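Undergrad: Sharing final-v3.txt below, compact mmCIF, C-alpha atoms:
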# COMPACT_ATOMS: atom_id res chain seq x y z
CA MET Z 296 40.32 -1.64 -1.88
CA SER Z 297 38.59 -0.40 1.26
CA VAL Z 298 40.60 0.40 4.37
CA ALA Z 299 38.86 -0.12 7.72
CA THR Z 300 38.80 2.72 10.22
CA THR Z 301 39.28 1.97 13.92
CA VAL Z 302 37.87 4.38 16.50
CA LYS Z 303 39.84 3.95 19.73
CA GLU Z 304 37.84 6.34 21.92
CA PRO Z 305 34.06 6.51 22.51
CA THR Z 306 32.61 8.94 19.98
CA GLU Z 307 29.15 10.48 20.07
CA VAL Z 308 26.80 9.45 17.27
CA VAL Z 309 24.71 12.37 16.05
CA LEU Z 310 21.21 11.51 14.85
CA ASN Z 311 19.33 13.67 12.36
CA ASP Z 312 17.11 16.63 13.20
CA SER Z 313 13.95 14.53 13.56
CA ALA Z 314 15.42 12.93 16.69
CA GLN Z 315 16.33 16.19 18.40
CA GLY Z 316 14.81 16.46 21.86
CA PHE Z 317 14.33 12.69 22.23
CA GLU Z 318 16.57 10.46 24.34
CA VAL Z 319 18.11 7.29 22.95
CA VAL Z 320 16.67 4.36 24.94
CA ASP Z 321 17.95 1.30 23.06
CA VAL Z 322 20.95 0.30 20.93
CA VAL Z 323 21.46 -3.13 19.33
CA CYS Z 324 24.36 -4.32 17.21
CA GLY Z 325 24.57 -6.94 14.49
CA PHE Z 326 27.76 -8.29 12.95
CA ALA Z 327 28.49 -5.00 11.18
CA HIS Z 328 25.43 -2.78 11.61
CA THR Z 329 23.72 -0.86 14.41
CA LEU Z 330 20.12 0.07 15.22
CA VAL Z 331 19.18 2.90 17.57
CA ARG Z 332 15.75 3.60 19.09
CA THR Z 333 14.59 6.84 20.69
CA GLU Z 334 11.99 7.29 23.42
CA ALA Z 335 9.51 8.30 20.70
CA GLY Z 336 9.99 4.95 18.96
CA GLN Z 337 12.06 6.32 16.06
CA VAL Z 338 14.59 3.87 14.62
CA PHE Z 339 17.89 4.79 12.99
CA ALA Z 340 20.32 2.45 11.26
CA PHE Z 341 23.93 2.63 10.11
CA GLY Z 342 26.73 0.27 9.13
CA LYS Z 343 26.96 -2.51 6.58
CA ASN Z 344 23.99 -2.85 4.22
CA ASN Z 345 25.07 -5.63 1.89
CA ARG Z 346 22.00 -7.73 2.77
CA LEU Z 347 19.53 -4.84 3.19
CA GLN Z 348 19.77 -5.20 6.98
CA LEU Z 349 19.45 -1.44 7.49
CA GLY Z 350 15.87 -1.42 6.24
CA CYS Z 351 16.03 2.06 4.77
CA ASP Z 352 16.66 3.91 1.53
CA THR Z 353 20.41 4.42 1.62
CA GLY Z 354 20.88 5.88 -1.81
CA ALA Z 355 22.08 9.25 -0.50
CA HIS Z 356 24.66 7.78 1.86
CA VAL Z 357 25.95 4.59 0.28
CA ASN Z 358 29.69 4.21 -0.34
CA ARG Z 359 30.04 1.47 -2.94
CA THR Z 360 33.27 -0.52 -2.97
CA GLN Z 361 34.24 -3.88 -4.36
CA GLN Z 362 33.65 -5.46 -0.95
CA PHE Z 363 30.50 -4.04 0.60
CA ASP Z 364 27.90 -1.30 0.81
CA CYS Z 365 27.97 0.80 3.95
CA VAL Z 366 26.11 3.70 5.51
CA ASP Z 367 28.10 5.98 7.80
CA VAL Z 368 25.25 8.40 8.56
CA PRO Z 369 22.42 7.31 10.92
CA THR Z 370 19.45 6.93 8.59
CA SER Z 371 15.78 6.70 9.54
CA VAL Z 372 14.02 3.33 9.24
CA PRO Z 373 10.29 3.60 8.36
CA VAL Z 374 8.94 2.13 11.60
CA LEU Z 375 8.08 3.26 15.13
CA ALA Z 376 9.17 0.55 17.56
CA ASN Z 377 8.97 -0.63 21.15
CA ALA Z 378 11.79 -3.17 20.79
CA LEU Z 379 14.68 -3.96 18.43
CA SER Z 380 16.87 -6.91 17.54
CA CYS Z 381 19.53 -7.65 14.94
CA SER Z 382 21.91 -10.42 13.93
CA THR Z 383 24.47 -11.01 11.20
CA ASN Z 384 22.33 -9.93 8.26
CA LEU Z 385 18.86 -9.50 9.73
CA SER Z 386 17.05 -6.84 11.75
CA ALA Z 387 13.72 -6.95 13.60
CA ALA Z 388 11.38 -4.80 15.65
CA VAL Z 389 8.07 -4.78 17.50
CA ASN Z 390 6.05 -1.76 16.39
CA LEU Z 391 3.90 0.42 18.63
CA GLN Z 392 0.86 -1.74 17.79
CA GLY Z 393 2.59 -4.85 19.17
CA GLN Z 394 3.25 -6.40 15.76
CA PRO Z 395 6.52 -8.16 14.81
CA LEU Z 396 8.50 -6.98 11.78
CA THR Z 397 11.74 -8.03 10.17
CA TRP Z 398 13.99 -6.88 7.34
CA GLY Z 399 17.19 -7.89 5.60
CA GLY Z 400 17.90 -10.66 3.12
CA VAL Z 401 14.99 -10.37 0.69
CA ASN Z 402 13.18 -7.56 2.52
CA ALA Z 403 14.58 -4.08 1.91
CA SER Z 404 12.13 -2.49 4.36
CA PRO Z 405 10.27 -3.71 7.49
CA GLU Z 406 7.79 -6.48 6.68
CA LEU Z 407 5.11 -7.89 9.00
CA ILE Z 408 5.78 -11.36 10.38
CA LYS Z 409 2.46 -13.20 10.08
CA ARG Z 410 1.30 -16.22 12.07
CA THR Z 411 0.25 -17.84 8.80
CA ALA Z 412 0.53 -16.72 5.20
CA THR Z 413 -2.79 -14.89 5.45
CA HIS Z 414 -3.29 -14.10 9.16
CA PRO Z 415 -1.32 -11.91 11.59
CA PHE Z 416 -0.72 -12.85 15.22
CA LYS Z 417 -3.83 -12.36 17.39
CA ASN Z 418 -1.92 -11.55 20.58
CA ARG Z 419 0.38 -8.59 21.07
CA ILE Z 420 4.06 -9.35 20.66
CA LEU Z 421 6.54 -8.60 23.43
CA SER Z 422 9.71 -9.22 21.47
CA VAL Z 423 11.06 -10.60 18.23
CA GLU Z 424 14.64 -11.89 18.15
CA VAL Z 425 16.71 -12.90 15.14
CA GLY Z 426 19.66 -15.22 14.75
CA ARG Z 427 21.69 -15.95 11.65
CA ASN Z 428 18.86 -17.74 9.87
CA HIS Z 429 16.09 -18.09 12.45
CA THR Z 430 13.53 -15.92 14.22
CA ALA Z 431 11.83 -16.14 17.62
CA VAL Z 432 8.55 -14.33 18.35
CA LEU Z 433 7.36 -14.01 21.96
CA THR Z 434 3.71 -13.13 22.64
CA GLU Z 435 2.27 -11.33 25.67
CA LYS Z 436 0.74 -14.67 26.70
CA GLY Z 437 4.19 -16.19 27.18
CA ARG Z 438 4.07 -18.34 24.04
CA LEU Z 439 7.15 -18.70 21.87
CA PHE Z 440 6.95 -19.14 18.08
CA MET Z 441 9.92 -20.13 15.92
CA SER Z 442 10.67 -19.94 12.21
CA GLY Z 443 13.64 -20.21 9.87
CA LYS Z 444 16.35 -22.84 9.48
CA ASN Z 445 16.89 -25.63 12.01
CA THR Z 446 20.49 -26.32 11.04
CA PHE Z 447 21.74 -27.05 14.56
CA GLY Z 448 18.45 -27.38 16.43
CA GLU Z 449 18.02 -23.63 16.96
CA LEU Z 450 14.24 -23.94 16.46
CA GLY Z 451 13.90 -26.33 19.39
CA VAL Z 452 12.35 -29.06 17.25
CA PRO Z 453 13.62 -32.58 16.40
CA GLU Z 454 15.75 -33.54 13.43
CA PRO Z 455 18.17 -30.64 12.97
CA VAL Z 456 19.81 -30.56 9.56
CA TYR Z 457 23.23 -31.64 10.84
CA ARG Z 458 21.73 -34.95 12.03
CA THR Z 459 19.71 -35.68 8.92
CA GLY Z 460 22.66 -35.05 6.62
CA ASN Z 461 20.34 -33.28 4.21
CA PRO Z 462 21.45 -29.63 3.73
CA PHE Z 463 18.40 -28.95 1.53
CA VAL Z 464 15.77 -29.28 4.27
CA ALA Z 465 13.39 -26.38 3.78
CA ALA Z 466 13.27 -23.59 6.34
CA ARG Z 467 10.05 -23.02 8.28
CA THR Z 468 8.46 -19.98 6.66
CA GLU Z 469 5.59 -19.70 9.16
CA PRO Z 470 6.19 -19.27 12.91
CA VAL Z 471 5.18 -22.39 14.84
CA PRO Z 472 4.69 -22.69 18.62
CA LEU Z 473 7.53 -24.32 20.49
CA GLU Z 474 5.74 -27.36 21.88
CA GLY Z 475 8.59 -28.21 24.25
CA LEU Z 476 7.79 -25.07 26.26
CA ARG Z 477 3.98 -25.32 26.20
CA SER Z 478 3.83 -25.94 29.97
CA TYR Z 479 5.86 -22.81 30.70
CA ASN Z 480 5.42 -19.07 30.47
CA VAL Z 481 8.29 -17.74 28.40
CA LEU Z 482 9.49 -14.50 29.95
CA GLN Z 483 12.35 -13.64 27.66
CA VAL Z 484 14.08 -15.04 24.57
CA ALA Z 485 17.39 -14.36 22.85
CA CYS Z 486 18.90 -15.71 19.64
CA GLY Z 487 22.58 -16.29 19.04
CA ASN Z 488 24.16 -16.99 15.69
CA ARG Z 489 22.76 -20.53 15.55
CA PHE Z 490 21.17 -21.12 18.93
CA THR Z 491 18.27 -19.88 21.06
CA VAL Z 492 17.94 -19.24 24.81
CA ALA Z 493 14.63 -18.80 26.67
CA LEU Z 494 13.93 -17.69 30.25
CA VAL Z 495 10.79 -19.42 31.53
CA GLU Z 496 8.62 -20.00 34.58
CA ASP Z 497 6.03 -22.68 35.34
CA ARG Z 498 2.52 -21.78 34.27
CA THR Z 499 0.49 -21.15 37.42
CA LYS Z 500 -3.01 -22.49 37.96
CA LYS Z 501 -4.34 -18.95 37.70
CA SER Z 502 -2.72 -18.28 34.34
CA ALA Z 503 -3.82 -21.68 33.08
CA GLU Z 504 -7.44 -20.81 33.94
CA GLU Z 505 -7.36 -17.38 32.28
CA PRO Z 506 -9.07 -17.27 28.88
CA GLU Z 507 -6.44 -17.04 26.19
CA THR Z 508 -6.72 -15.89 22.62
CA THR Z 509 -4.71 -18.52 20.81
CA ASP Z 510 -2.53 -18.02 17.79
CA GLU Z 511 -3.29 -21.46 16.44
CA PRO Z 512 -4.38 -21.37 12.78
CA GLU Z 513 -8.10 -21.70 12.28
CA ALA Z 514 -9.47 -24.77 10.56
CA ALA Z 515 -10.46 -24.27 6.95
Could you write out this file's structure as structure tokens?

TA:
Amino acid sequence: MSVATTVKEPTEVVLNDSAQGFEVVDVVCGFAHTLVRTEAGQVFAFGKNNRLQLGCDTGAHVNRTQQFDCVDVPTSVPVLANALSCSTNLSAAVNLQGQPLTWGGVNASPELIKRTATHPFKNRILSVEVGRNHTAVLTEKGRLFMSGKNTFGELGVPEPVYRTGNPFVAARTEPVPLEGLRSYNVLQVACGNRFTVALVEDRTKKSAEEPETTDEPEAA
């Protein structure tokens, strides 16, 4: 049986040699795992890895018990990122090219989130946020795209699972634009366990007149 350790005083986390000389600029915490980002975009992960939420090869540091797999040494994740997010069992990032990635669950390493099965997003991504079973992708044009399960309406679309009474409703595998916010610029988004919050502003006449590269799927 595993015995939990409680640290009562703030303790410095030491990253590996590759991070020496770079400041830590971002830290995000999931239910039982942590992601750290340096000013150079390096990402390090540690904590619980039972659902592959650390996104890295943990073979050298895994303590296997009957209850969980854990990593107690900050371990490099194979991605350079501008932004990070994590939830219960998922992790996400925006890489230096402005592309959204996620890992955990079925993905043991960062995987590109595509607009459709065969096409990536056309616009740069500002942030990608993850909840328990849903994902929000925010583009530089202020458009919000949602995917995952709509159990309690967390995708912002009608007919959440709890109202239909059908627990087998399929999750949305492709990000779709949130039509309810089409008349707004989304400035920021955050995902809770099973809810989503967006900070918005009205689209101005100027922004409405600017040519926009859409992320709508092209007709076949």

Undergrad: Rank nothing, just name the residue among Z:Gly336, Z:Pro405, Z:Gly443, Z:Gly426 nearest to Glu469 in chain Z, using only C-alpha atoms.

TA: Z:Gly443

Undergrad: Of the residues Z:Cys486, Z:Leu349, Z:Val368, Z:Ala376, which is the one nearest to Ala388 in chain Z, using only C-alpha atoms?

TA: Z:Ala376

Undergrad: Between CA of Pro373 in chain Z and CA of Cys351 in chain Z, what is the distance in Å, rounded to a tenth?

TA: 6.9 Å

Undergrad: Residues within 12 Å of (13.5, 15.2, 10.4), file coordinates, counting all atoms listed in the file: what are they? Give the list as number ranges by chain.

TA: Z: 310-316, 337, 339, 369-372

Undergrad: Next, the residues of the selection above should be written as a PDB file, in the coordinates of the input with C-alpha atoms.

TA:
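The resulting selection_19.pdb:
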ATOM      1  CA  LEU Z 310      21.210  11.510  14.850  1.00  0.00           C
ATOM      2  CA  ASN Z 311      19.330  13.670  12.360  1.00  0.00           C
ATOM      3  CA  ASP Z 312      17.110  16.630  13.200  1.00  0.00           C
ATOM      4  CA  SER Z 313      13.950  14.530  13.560  1.00  0.00           C
ATOM      5  CA  ALA Z 314      15.420  12.930  16.690  1.00  0.00           C
ATOM      6  CA  GLN Z 315      16.330  16.190  18.400  1.00  0.00           C
ATOM      7  CA  GLY Z 316      14.810  16.460  21.860  1.00  0.00           C
ATOM      8  CA  GLN Z 337      12.060   6.320  16.060  1.00  0.00           C
ATOM      9  CA  PHE Z 339      17.890   4.790  12.990  1.00  0.00           C
ATOM     10  CA  PRO Z 369      22.420   7.310  10.920  1.00  0.00           C
ATOM     11  CA  THR Z 370      19.450   6.930   8.590  1.00  0.00           C
ATOM     12  CA  SER Z 371      15.780   6.700   9.540  1.00  0.00           C
ATOM     13  CA  VAL Z 372      14.020   3.330   9.240  1.00  0.00           C
TER      14      VAL Z 372
END

Undergrad: Quick one: pull the distance between CA of Met441 in chain Z and CA of Glu424 in chain Z, Å, one decimal.

TA: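 The value is 9.8 Å.
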